[in-house]
Amino acid sequence: MTNIDSVRALDKQIMEHEKIVIKLKRARNSLLNISKLPPETLGEVFRWNVTLNSDFDGLEKRSHNFLFVCHHWFEVASHTPELWSFWGTTPRDWARRYPHSGVAPLDLVLGSPGHYGNSLDAALCKELEDRAAKDAIRRVHLRAEDSEILSSILSLVAAKCEGIRPNGVESFILSNWDDTPVDVSDFFSHYRFPNLRHLSLTNCTISPWDILASQTRALTTLDIGTSSPSPTTSQLLSILVSNPLLRKVKFDAWVIPDDDGGRSSFRVPLHHLKQLELTGDSQDVFRLLHHLDHPKNMEHLVLELYNCSAVEILRHIGPYVRDYLRGRGVSQNGLELYLSLNPDIKIFVSDAPEHILRRADAFLVVTAGPDGALSRDAQEKVILDLFAHSPGEVAHFEADGNPATVGNVHPRFPNFRAVNFDGMSLSAVFPEQDRGVGVLISLQHLFLRDLIVDGGDWSPLIDFLAYRVSSGKRLDTLKIYSSPHICPATVEIISSMVGEMMTAYEDPLCPFGTCSGVASD
């Protein structure tokens, strides 16, 4: 026997032994508890491992590593169509993965903004057309800076048909970052969408708007921005009426009608609404709000208003905000109010956190572009008065670059526990006539960021703290960050009058920052 024959004989023996080892491993794996799960249960576990995290992101790296654990897992995964419904986020990914997707319902995601040119080959186009004809597309999420590729894909997934037929798409998001709008009229005019829950359109053309009212019935999220032509009030209300299960509604200024709706008093019942975001001219926004019958305890409300006069703040914003806060009920730890007039009015309201050094997410955001007739002092007075008469105590107050002073804030919020002044002069925050005002009995925590300290004079703060000490109400916490350097002697004086003093010079947006703590006895 030659050496070559000997090698071949040994290779054959190795292969036989490898087969035996594989059989033994499979027999061992079959004894494991996880292998005793029914295939459909194991497949469901795998499916959760390949669930998309967001509308446009792909899967996490190594999300399919379970394929390599054992033969049984590989076989179960291979026969679970839902694991192969996602092709990636680019046309190149699609072309590489679609041959392996089988009959899985497709989640079509174009998630990488850019210009793709003519990047859809004939075979891929045919596959998309076949999927559309079989109604085998579950989600259509498209985002790009190229309106041509978006229009091309849309034409492929809108299968040619006679009349109007059902379409099983559950989520349709089109985010067009090109200057040229994408026309989605044909897609929505040829189908009914009994399963469509999420509809989001950005920079699109749709005409007539009535087709959305007639073709959708089950929407829970409706987000429309920069679309043309703008709908009339009647058309927009019809869309809302047709979808009574809506939980989230977001319209920008291009969508909110500027007609008076025939002065109709009709109100759309949106009893499941949790989030509402409206942007536009203040009169148009409040005219639309007048037609919405939504719960008073919504989780999230955002209003971005243009051309807002003092009269509108008092007549519209004030009552609406007070009703909303009243509907939410009393917050356990009070409210946290952030106010900026730099240059637009910006209001953020959240539930005050139990831990003072943590920031809470705002449940109410109001941005108002003033009409120019109102001075900053007058703006501040109007807004502070608005919240002074709102239900629920303001426990934390933050002012950003405003002429707010302790004397202005304290009479309106006499029970606040924490104050944060940002980007203001120390002498403006603590003017001489206000340094002993009410001694601010309830105040426990004071935060000063980006201070302007004229001539390095810290006496306004020192005098204020001295009043506190003399009244037996020294602060628990004083934090000074991203502000001029304080000499050691001044630090010693200030720290002796507070429970704990902290200074931070990095990451001013982080309540902890990079601090040096000085605690007094």
# chains A, B, ... in the order shown; residues from 1 in each chain; ligands from 1
$ select_by_dssp --residues "stretch 188-387 of chain A" --states "alpha helix (DSSP H)" --output "PyMOL selection string"
chain A and resi 188-189+210-215+233-242+282-289+310-312+318-328+376-387
$ write_last_selection --atoms "C-alpha atoms" --output "PDB file, in the first residue's frame"
ATOM      1  CA  PHE A 188     -53.411  54.201  -0.741  1.00  0.00           C
ATOM      2  CA  SER A 189     -56.113  54.529  -3.380  1.00  0.00           C
ATOM      3  CA  ASP A 210     -60.151  61.437   1.770  1.00  0.00           C
ATOM      4  CA  ILE A 211     -58.581  58.125   0.718  1.00  0.00           C
ATOM      5  CA  LEU A 212     -56.894  57.811   4.109  1.00  0.00           C
ATOM      6  CA  ALA A 213     -60.262  58.163   5.817  1.00  0.00           C
ATOM      7  CA  SER A 214     -61.872  55.522   3.614  1.00  0.00           C
ATOM      8  CA  GLN A 215     -59.002  52.996   3.541  1.00  0.00           C
ATOM      9  CA  THR A 233     -60.306  70.597   8.510  1.00  0.00           C
ATOM     10  CA  SER A 234     -63.138  68.357   7.326  1.00  0.00           C
ATOM     11  CA  GLN A 235     -60.717  65.913   5.661  1.00  0.00           C
ATOM     12  CA  LEU A 236     -58.385  65.737   8.672  1.00  0.00           C
ATOM     13  CA  LEU A 237     -61.248  65.200  11.090  1.00  0.00           C
ATOM     14  CA  SER A 238     -62.629  62.444   8.828  1.00  0.00           C
ATOM     15  CA  ILE A 239     -59.311  60.592   9.037  1.00  0.00           C
ATOM     16  CA  LEU A 240     -59.364  60.838  12.832  1.00  0.00           C
ATOM     17  CA  VAL A 241     -63.001  59.760  13.050  1.00  0.00           C
ATOM     18  CA  SER A 242     -62.228  56.683  10.921  1.00  0.00           C
ATOM     19  CA  SER A 282     -51.159  79.053  17.364  1.00  0.00           C
ATOM     20  CA  GLN A 283     -54.634  79.928  16.081  1.00  0.00           C
ATOM     21  CA  ASP A 284     -54.701  76.907  13.738  1.00  0.00           C
ATOM     22  CA  VAL A 285     -53.445  74.545  16.445  1.00  0.00           C
ATOM     23  CA  PHE A 286     -56.030  75.612  19.007  1.00  0.00           C
ATOM     24  CA  ARG A 287     -58.767  75.558  16.389  1.00  0.00           C
ATOM     25  CA  LEU A 288     -57.894  71.889  15.768  1.00  0.00           C
ATOM     26  CA  LEU A 289     -57.628  71.157  19.493  1.00  0.00           C
ATOM     27  CA  ALA A 310     -50.029  87.432  25.086  1.00  0.00           C
ATOM     28  CA  VAL A 311     -53.787  87.217  24.556  1.00  0.00           C
ATOM     29  CA  GLU A 312     -53.459  83.692  23.116  1.00  0.00           C
ATOM     30  CA  GLY A 318     -53.335  78.820  30.000  1.00  0.00           C
ATOM     31  CA  PRO A 319     -56.771  77.138  30.252  1.00  0.00           C
ATOM     32  CA  TYR A 320     -55.693  74.203  28.069  1.00  0.00           C
ATOM     33  CA  VAL A 321     -52.565  73.519  30.134  1.00  0.00           C
ATOM     34  CA  ARG A 322     -54.452  73.849  33.410  1.00  0.00           C
ATOM     35  CA  ASP A 323     -57.136  71.422  32.230  1.00  0.00           C
ATOM     36  CA  TYR A 324     -54.460  68.966  31.128  1.00  0.00           C
ATOM     37  CA  LEU A 325     -52.601  69.163  34.452  1.00  0.00           C
ATOM     38  CA  ARG A 326     -55.851  68.823  36.356  1.00  0.00           C
ATOM     39  CA  GLY A 327     -56.719  65.708  34.351  1.00  0.00           C
ATOM     40  CA  ARG A 328     -53.382  64.078  35.158  1.00  0.00           C
ATOM     41  CA  ARG A 376     -39.248  89.320  28.049  1.00  0.00           C
ATOM     42  CA  ASP A 377     -40.243  90.602  31.486  1.00  0.00           C
ATOM     43  CA  ALA A 378     -43.896  90.448  30.477  1.00  0.00           C
ATOM     44  CA  GLN A 379     -43.445  86.972  28.941  1.00  0.00           C
ATOM     45  CA  GLU A 380     -41.929  85.685  32.166  1.00  0.00           C
ATOM     46  CA  LYS A 381     -44.732  87.147  34.270  1.00  0.00           C
ATOM     47  CA  VAL A 382     -47.424  85.625  32.030  1.00  0.00           C
ATOM     48  CA  ILE A 383     -45.847  82.148  32.116  1.00  0.00           C
ATOM     49  CA  LEU A 384     -45.103  82.157  35.849  1.00  0.00           C
ATOM     50  CA  ASP A 385     -48.641  83.331  36.573  1.00  0.00           C
ATOM     51  CA  LEU A 386     -49.969  80.603  34.296  1.00  0.00           C
ATOM     52  CA  PHE A 387     -48.330  77.862  36.375  1.00  0.00           C
TER      53      PHE A 387
END
$ residues_around --residues "A:His291" --least-positions-apart "4" --cutoff "7 Å" --atoms "only C-alpha atoms" --output "list in words"
Ser265, Phe266, Arg267 and Val268 of chain A
$ closest_residue --among "A:Thr490, A:Ser185, A:Ser471, A:Thr180" --to "A:Gly456" --atoms "only C-alpha atoms"
A:Thr490
$ atom_distance --atom1 "atom CA of A:Leu305" --atom2 "atom CA of A:Val365"
10.8 Å
$ closest_residue --among "A:Leu461, A:Leu335, A:Ala123, A:Leu276" --to "A:Thr220" --atoms "only C-alpha atoms"
A:Leu276
$ residues_around --residues "A:Asp135" --least-positions-apart "4" --cutoff "9 Å" --atoms "only C-alpha atoms" --output "list in words"
Pro105, Asp130, Arg131, Ala159, Pro166, Asn167, Gly168 and Val169 of chain A
$ residues_around --residues "A:Leu337" --least-positions-apart "3" --cutoff "7 Å" --atoms "only C-alpha atoms" --output "list in words"
Phe348, Val349, Ser350, Val394, His396, Phe397 and Glu398 of chain A
$ closest_residue --among "A:Tyr306, A:Tyr481, A:Trp209, A:Trp84" --to "A:Asp252" --atoms "only C-alpha atoms"
A:Tyr306
$ residues_around --residues "stretch 101-103 of chain A" --least-positions-apart "2" --cutoff "12 Å" --atoms "only C-alpha atoms" --output "PyMOL selection string"
chain A and resi 77-88+94-99+105-108+127+130-131+134-138
